[in-house]
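Trainee: Structure below; questions to follow.
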Amino acid sequence: MVLLEKLILGLAAGTIYGVMALSFVLIYRVGKIVNIAVGDMVLLGSYLIFAFSGLRLIGNPAMNLLLGLVMASFVGLIIAIATERFLMRPLYGQSILALIMMTVALGMILRGFTIVEWGTILRVFPGQHEVFPPVPLKVGVIEIPYVYIWSTVGSLIIFGSFLYLFRKTLFGFAMRAVSLNPEAAATHGISIKRIYTYTWMIGYVAAFLAGLVLGAINGINVTITYLGLARALPAALIGGLDSPGGAMLGGLLLGLIEHSIGTYLNMFIPGIRDIVPYIVLLIVLIVKPYGLFGTERIERV
């Protein structure tokens with residue numbers, strides 16, 4: 001039963017990793033940009049939610065936290081527009097390295113702003129313990145923290161909504177057209193710059209949602225940056241950098257292995273649980289260099 005509990009917690013954590021990886025995959029799929037700033041986007045989201053929910057505009061703790069998420073997401077949309085317009089757009093057409101380095105600089109700016117504004121003291125969301133009771137839910141001998149339950153439900157709703165958006169709406173078709181052939185999409189009247197902007201907006205919102213969950217589980221401090229990048233990047237690479245569905249499946253696989261094999265080995269080799277995601281990543285990339293569900297590109301020389 002202990003193993004079953006670990007597997008359930010692993011699946012719950014995997015849904016969180018999948019949402020973070022989704023933010024990573026979307027930006028790469030459309031703009032072919034490896035976004036190293038994803039962890040700092042998650043960090044900024046958690047602090048903005050903390051700040052807005054701290055205003056306590058609503059008496060109900062759950063609704064107050066939800067309002068904080070909505071207000072933070074609105075700010076995230078503005079930051080996303082500025083990121084694409086003033087940082088990324090001038091570099092389109094330049095080398096991939098230049099775009100990657102710009103995301104590194106973006107991450108440093110976001111992290112520096114959060115440290116200057118809120119410091120490095122560990123914080124918790126206002127009313128968090130009322131929304132997520134510290135006493136876990138018991139199902140027989142299995143104990144599941146409430147934050148994992150709600151995060152799993154929320155992550156699945158978010159992923160389902162995004163999947164519907166990509167596969168069943170005109171915007172999703174336009175995004176896929178731009179990712180496959182930007183020149184052909186432009187000739188059919190699709191605004192490539194607008195699609196790029198919308199992609200960054202979705203990426204920021206997904207990162208902020210992950211910030212709410214990670215902040216509720218681990219507390220709010222700069223270590224969220226590490227957790228964000230250290231889990232989003234392996235999950236995205238395992239699933240496939242251009243596969244939104246692969247992002248979620250990669251996150252689930254990562255969560256399962258981390259909470260089962262990683263937890264077991266950690267009893268004998270302390271600290272190895274943090275390395276397990278990268279071991280899994282190396283094995284997958286050796287067997288499938290483009291990830292489990294990534295598009296294989298064949299180049300003839």
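Lettering and numbering for the structure tokens are positional, with chains as A, B, ... in the shown order, residues counted from 1 in each chain, and ligands counted from 1 in the shown order.
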Which residues of stretch 148-239 of chain A come within 9 Å of stretch 43-64 of chain A, and for each one, what is the closest pair of atoms and their distance in Å to one decimal, counting only C-alpha atoms, sorted by chain and residue number, as CSV?

Mentor:
```
residue,atom,partner,partner_atom,distance
A:Tyr204,CA,A:Gly45,CA,8.2
A:Val205,CA,A:Gly45,CA,8.3
A:Ala207,CA,A:Gly45,CA,6.8
A:Phe208,CA,A:Gly45,CA,4.1
A:Leu209,CA,A:Gly45,CA,7.3
A:Ala210,CA,A:Gly45,CA,8.0
A:Gly211,CA,A:Ser46,CA,4.3
A:Leu212,CA,A:Ser46,CA,5.2
A:Val213,CA,A:Ser46,CA,8.3
A:Leu214,CA,A:Ser46,CA,7.8
A:Gly215,CA,A:Ser46,CA,5.9
A:Ala216,CA,A:Ser46,CA,8.9
A:Ile220,CA,A:Ser46,CA,6.7
A:Asn221,CA,A:Leu43,CA,7.7
A:Val222,CA,A:Leu43,CA,6.8
A:Thr223,CA,A:Leu43,CA,8.3
A:Ile224,CA,A:Leu43,CA,5.6
A:Thr225,CA,A:Leu43,CA,5.5
A:Gly228,CA,A:Leu43,CA,7.8
```

Trainee: Those same residues, written as a PDB file, in the first residue's frame with N, CA and C atoms?

Mentor:
```pdb
ATOM      1  N   TYR A 204       2.738  32.021 -20.356  1.00  0.00           N
ATOM      2  CA  TYR A 204       2.807  32.691 -19.053  1.00  0.00           C
ATOM      3  C   TYR A 204       1.679  32.239 -18.138  1.00  0.00           C
ATOM      4  N   VAL A 205       0.464  32.128 -18.681  1.00  0.00           N
ATOM      5  CA  VAL A 205      -0.665  31.704 -17.846  1.00  0.00           C
ATOM      6  C   VAL A 205      -0.442  30.290 -17.316  1.00  0.00           C
ATOM      7  N   ALA A 207       2.415  28.832 -16.811  1.00  0.00           N
ATOM      8  CA  ALA A 207       3.485  28.913 -15.805  1.00  0.00           C
ATOM      9  C   ALA A 207       2.959  29.466 -14.491  1.00  0.00           C
ATOM     10  N   PHE A 208       2.077  30.459 -14.550  1.00  0.00           N
ATOM     11  CA  PHE A 208       1.514  31.039 -13.321  1.00  0.00           C
ATOM     12  C   PHE A 208       0.639  30.030 -12.594  1.00  0.00           C
ATOM     13  N   LEU A 209      -0.105  29.224 -13.339  1.00  0.00           N
ATOM     14  CA  LEU A 209      -0.908  28.179 -12.706  1.00  0.00           C
ATOM     15  C   LEU A 209      -0.010  27.183 -11.980  1.00  0.00           C
ATOM     16  N   ALA A 210       1.097  26.829 -12.617  1.00  0.00           N
ATOM     17  CA  ALA A 210       2.057  25.940 -11.957  1.00  0.00           C
ATOM     18  C   ALA A 210       2.660  26.611 -10.730  1.00  0.00           C
ATOM     19  N   GLY A 211       2.847  27.932 -10.790  1.00  0.00           N
ATOM     20  CA  GLY A 211       3.375  28.668  -9.643  1.00  0.00           C
ATOM     21  C   GLY A 211       2.456  28.587  -8.439  1.00  0.00           C
ATOM     22  N   LEU A 212       1.144  28.603  -8.679  1.00  0.00           N
ATOM     23  CA  LEU A 212       0.188  28.467  -7.581  1.00  0.00           C
ATOM     24  C   LEU A 212       0.339  27.110  -6.900  1.00  0.00           C
ATOM     25  N   VAL A 213       0.462  26.069  -7.694  1.00  0.00           N
ATOM     26  CA  VAL A 213       0.550  24.720  -7.134  1.00  0.00           C
ATOM     27  C   VAL A 213       1.874  24.506  -6.411  1.00  0.00           C
ATOM     28  N   LEU A 214       2.987  24.855  -7.057  1.00  0.00           N
ATOM     29  CA  LEU A 214       4.295  24.671  -6.429  1.00  0.00           C
ATOM     30  C   LEU A 214       4.427  25.522  -5.174  1.00  0.00           C
ATOM     31  N   GLY A 215       3.864  26.718  -5.211  1.00  0.00           N
ATOM     32  CA  GLY A 215       3.908  27.579  -4.027  1.00  0.00           C
ATOM     33  C   GLY A 215       3.121  26.992  -2.875  1.00  0.00           C
ATOM     34  N   ALA A 216       1.988  26.350  -3.188  1.00  0.00           N
ATOM     35  CA  ALA A 216       1.174  25.737  -2.135  1.00  0.00           C
ATOM     36  C   ALA A 216       1.848  24.492  -1.558  1.00  0.00           C
ATOM     37  N   ILE A 220       6.621  29.570  -0.932  1.00  0.00           N
ATOM     38  CA  ILE A 220       7.020  30.501  -1.983  1.00  0.00           C
ATOM     39  C   ILE A 220       8.400  31.068  -1.672  1.00  0.00           C
ATOM     40  N   ASN A 221       9.376  30.693  -2.459  1.00  0.00           N
ATOM     41  CA  ASN A 221      10.710  31.292  -2.412  1.00  0.00           C
ATOM     42  C   ASN A 221      11.416  31.007  -3.724  1.00  0.00           C
ATOM     43  N   VAL A 222      12.670  31.420  -3.834  1.00  0.00           N
ATOM     44  CA  VAL A 222      13.360  31.354  -5.120  1.00  0.00           C
ATOM     45  C   VAL A 222      13.651  29.928  -5.577  1.00  0.00           C
ATOM     46  N   THR A 223      13.521  28.949  -4.685  1.00  0.00           N
ATOM     47  CA  THR A 223      13.764  27.570  -5.109  1.00  0.00           C
ATOM     48  C   THR A 223      12.726  27.096  -6.126  1.00  0.00           C
ATOM     49  N   ILE A 224      11.611  27.808  -6.221  1.00  0.00           N
ATOM     50  CA  ILE A 224      10.604  27.458  -7.217  1.00  0.00           C
ATOM     51  C   ILE A 224      11.190  27.569  -8.618  1.00  0.00           C
ATOM     52  N   THR A 225      12.120  28.512  -8.806  1.00  0.00           N
ATOM     53  CA  THR A 225      12.780  28.648 -10.104  1.00  0.00           C
ATOM     54  C   THR A 225      13.452  27.344 -10.503  1.00  0.00           C
ATOM     55  N   GLY A 228      10.873  24.620 -11.158  1.00  0.00           N
ATOM     56  CA  GLY A 228      10.176  24.841 -12.415  1.00  0.00           C
ATOM     57  C   GLY A 228      10.971  24.362 -13.611  1.00  0.00           C
TER      58      GLY A 228
END
```

Trainee: Could you pull the residues within 8 Å of A:Thr197, counting only C-alpha atoms, minus those fewer than 6 positions along the same chain, as a ChimeraX atom specification?

Mentor: /A:80-81,84-85

Trainee: Which polymer residues have any atom within 12 Å of an atom of A:Ala177, counting only C-alpha atoms, with same-chain residues fewer than 4 positions away left out, as a PyMOL selection string?

Mentor: chain A and resi 29-31+166-167+170-173+181-192+195

Trainee: Would you write out those residues with C-alpha atoms, as a PDB file, in the first residue's frame?

Mentor:
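Output contents, as saved in again-v2.pdb:
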```pdb
ATOM      1  CA  ARG A  29       6.401  24.432 -31.027  1.00  0.00           C
ATOM      2  CA  VAL A  30       5.444  27.773 -32.548  1.00  0.00           C
ATOM      3  CA  GLY A  31       8.609  29.869 -32.325  1.00  0.00           C
ATOM      4  CA  PHE A 166      -5.374  23.545 -29.972  1.00  0.00           C
ATOM      5  CA  ARG A 167      -7.396  20.836 -31.725  1.00  0.00           C
ATOM      6  CA  LEU A 170      -9.485  28.176 -35.419  1.00  0.00           C
ATOM      7  CA  PHE A 171      -6.731  29.525 -33.206  1.00  0.00           C
ATOM      8  CA  GLY A 172      -5.420  26.017 -32.691  1.00  0.00           C
ATOM      9  CA  PHE A 173      -5.430  25.373 -36.431  1.00  0.00           C
ATOM     10  CA  ASN A 181       5.138  26.179 -42.227  1.00  0.00           C
ATOM     11  CA  PRO A 182       5.181  29.877 -41.247  1.00  0.00           C
ATOM     12  CA  GLU A 183       5.545  31.102 -44.844  1.00  0.00           C
ATOM     13  CA  ALA A 184       2.565  29.098 -46.088  1.00  0.00           C
ATOM     14  CA  ALA A 185       0.503  30.206 -43.078  1.00  0.00           C
ATOM     15  CA  ALA A 186       1.303  33.865 -43.816  1.00  0.00           C
ATOM     16  CA  THR A 187       0.166  33.500 -47.441  1.00  0.00           C
ATOM     17  CA  HIS A 188      -3.216  32.305 -46.145  1.00  0.00           C
ATOM     18  CA  GLY A 189      -3.690  35.448 -44.072  1.00  0.00           C
ATOM     19  CA  ILE A 190      -2.512  34.164 -40.684  1.00  0.00           C
ATOM     20  CA  SER A 191      -0.652  36.789 -38.667  1.00  0.00           C
ATOM     21  CA  ILE A 192       2.520  35.055 -37.522  1.00  0.00           C
ATOM     22  CA  ILE A 195       0.256  33.853 -33.090  1.00  0.00           C
TER      23      ILE A 195
END
```

Trainee: Work out how far apart atom CA of A:Ile157 and atom CA of A:Gly39 are and give it in Å to one decimal.

Mentor: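 Pair atom CA of A:Ile157 / atom CA of A:Gly39 returns 21.7 Å.
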
Trainee: Nearest residue to A:Thr15 out of A:Gly251, A:Pro244, A:Gly127, A:Pro289, using only C-alpha atoms?

Mentor: A:Gly251

Trainee: Kindly indicate which residue among A:Leu249, A:Leu9, A:Ile121, A:Leu66 lies nearest to A:Phe159, using only C-alpha atoms for the distances.

Mentor: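 Of all the options, A:Leu249 lies closest to A:Phe159.
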
Trainee: If we count only C-alpha atoms, what is near A:Val280 at a cut-off of 12 Å, once residues fewer than 5 positions away on the same chain are taken out, given as JSON, numbers by chain?

Mentor: {"A": [231, 234, 235, 237, 238, 239, 250, 251, 253, 254, 255, 256, 257, 258, 261, 262, 273, 274, 275, 285, 286, 287, 288, 291, 292]}

Trainee: What are the DSSP helix (DSSP H, G or I) residues of stretch 204-300 of chain A, as a VMD selection string?

Mentor: chain A and resid 204 to 218 223 to 239 244 to 266 272 to 274 276 to 287

Trainee: For the residues selected in the previous step, produce a file with C-alpha atoms as a short mmCIF file (atom, residue, chain, number, x, y, z; two decimals), in the first residue's frame.

Mentor:
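Result went into out.cif, see below:
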```cif
data_model
loop_
_atom_site.label_atom_id
_atom_site.label_comp_id
_atom_site.auth_asym_id
_atom_site.auth_seq_id
_atom_site.Cartn_x
_atom_site.Cartn_y
_atom_site.Cartn_z
CA TYR A 204 2.81 32.69 -19.05
CA VAL A 205 -0.66 31.70 -17.85
CA ALA A 206 0.32 28.01 -17.73
CA ALA A 207 3.48 28.91 -15.81
CA PHE A 208 1.51 31.04 -13.32
CA LEU A 209 -0.91 28.18 -12.71
CA ALA A 210 2.06 25.94 -11.96
CA GLY A 211 3.37 28.67 -9.64
CA LEU A 212 0.19 28.47 -7.58
CA VAL A 213 0.55 24.72 -7.13
CA LEU A 214 4.29 24.67 -6.43
CA GLY A 215 3.91 27.58 -4.03
CA ALA A 216 1.17 25.74 -2.14
CA ILE A 217 3.24 22.54 -1.92
CA ASN A 218 6.74 23.84 -1.22
CA THR A 223 13.76 27.57 -5.11
CA ILE A 224 10.60 27.46 -7.22
CA THR A 225 12.78 28.65 -10.10
CA TYR A 226 14.89 25.51 -9.85
CA LEU A 227 11.87 23.23 -9.45
CA GLY A 228 10.18 24.84 -12.41
CA LEU A 229 13.04 24.44 -14.87
CA ALA A 230 14.37 21.17 -13.42
CA ARG A 231 11.00 19.47 -13.92
CA ALA A 232 9.53 21.29 -16.94
CA LEU A 233 12.58 20.79 -19.17
CA PRO A 234 13.02 17.02 -18.58
CA ALA A 235 9.27 16.42 -18.90
CA ALA A 236 9.15 18.36 -22.18
CA LEU A 237 12.21 16.59 -23.60
CA ILE A 238 10.97 13.16 -22.55
CA GLY A 239 7.55 13.71 -24.13
CA PRO A 244 1.61 19.13 -26.08
CA GLY A 245 0.22 15.67 -25.32
CA GLY A 246 3.76 14.41 -24.85
CA ALA A 247 4.36 17.18 -22.32
CA MET A 248 1.66 15.81 -20.03
CA LEU A 249 2.65 12.18 -20.55
CA GLY A 250 6.31 13.08 -19.99
CA GLY A 251 5.35 14.83 -16.77
CA LEU A 252 3.33 11.82 -15.58
CA LEU A 253 6.20 9.44 -16.35
CA LEU A 254 8.65 11.72 -14.57
CA GLY A 255 6.42 12.02 -11.50
CA LEU A 256 5.87 8.27 -11.28
CA ILE A 257 9.56 7.40 -11.50
CA GLU A 258 10.61 10.18 -9.14
CA HIS A 259 8.15 9.22 -6.41
CA SER A 260 8.64 5.46 -6.70
CA ILE A 261 12.14 4.51 -7.83
CA GLY A 262 13.61 7.86 -6.82
CA THR A 263 12.14 7.71 -3.31
CA TYR A 264 13.28 4.10 -2.85
CA LEU A 265 16.86 4.76 -4.00
CA ASN A 266 17.01 7.91 -1.89
CA ILE A 272 19.64 10.79 -5.81
CA ARG A 273 15.91 11.56 -6.09
CA ASP A 274 16.81 14.97 -7.52
CA VAL A 276 16.50 10.67 -11.24
CA PRO A 277 14.67 12.98 -13.71
CA TYR A 278 17.92 13.56 -15.59
CA ILE A 279 18.81 9.86 -15.60
CA VAL A 280 15.41 9.11 -17.12
CA LEU A 281 15.93 11.93 -19.61
CA LEU A 282 19.31 10.55 -20.71
CA ILE A 283 17.89 7.05 -21.21
CA VAL A 284 14.94 8.34 -23.27
CA LEU A 285 17.12 10.60 -25.44
CA ILE A 286 19.55 7.76 -26.16
CA VAL A 287 16.70 5.55 -27.37
#
```
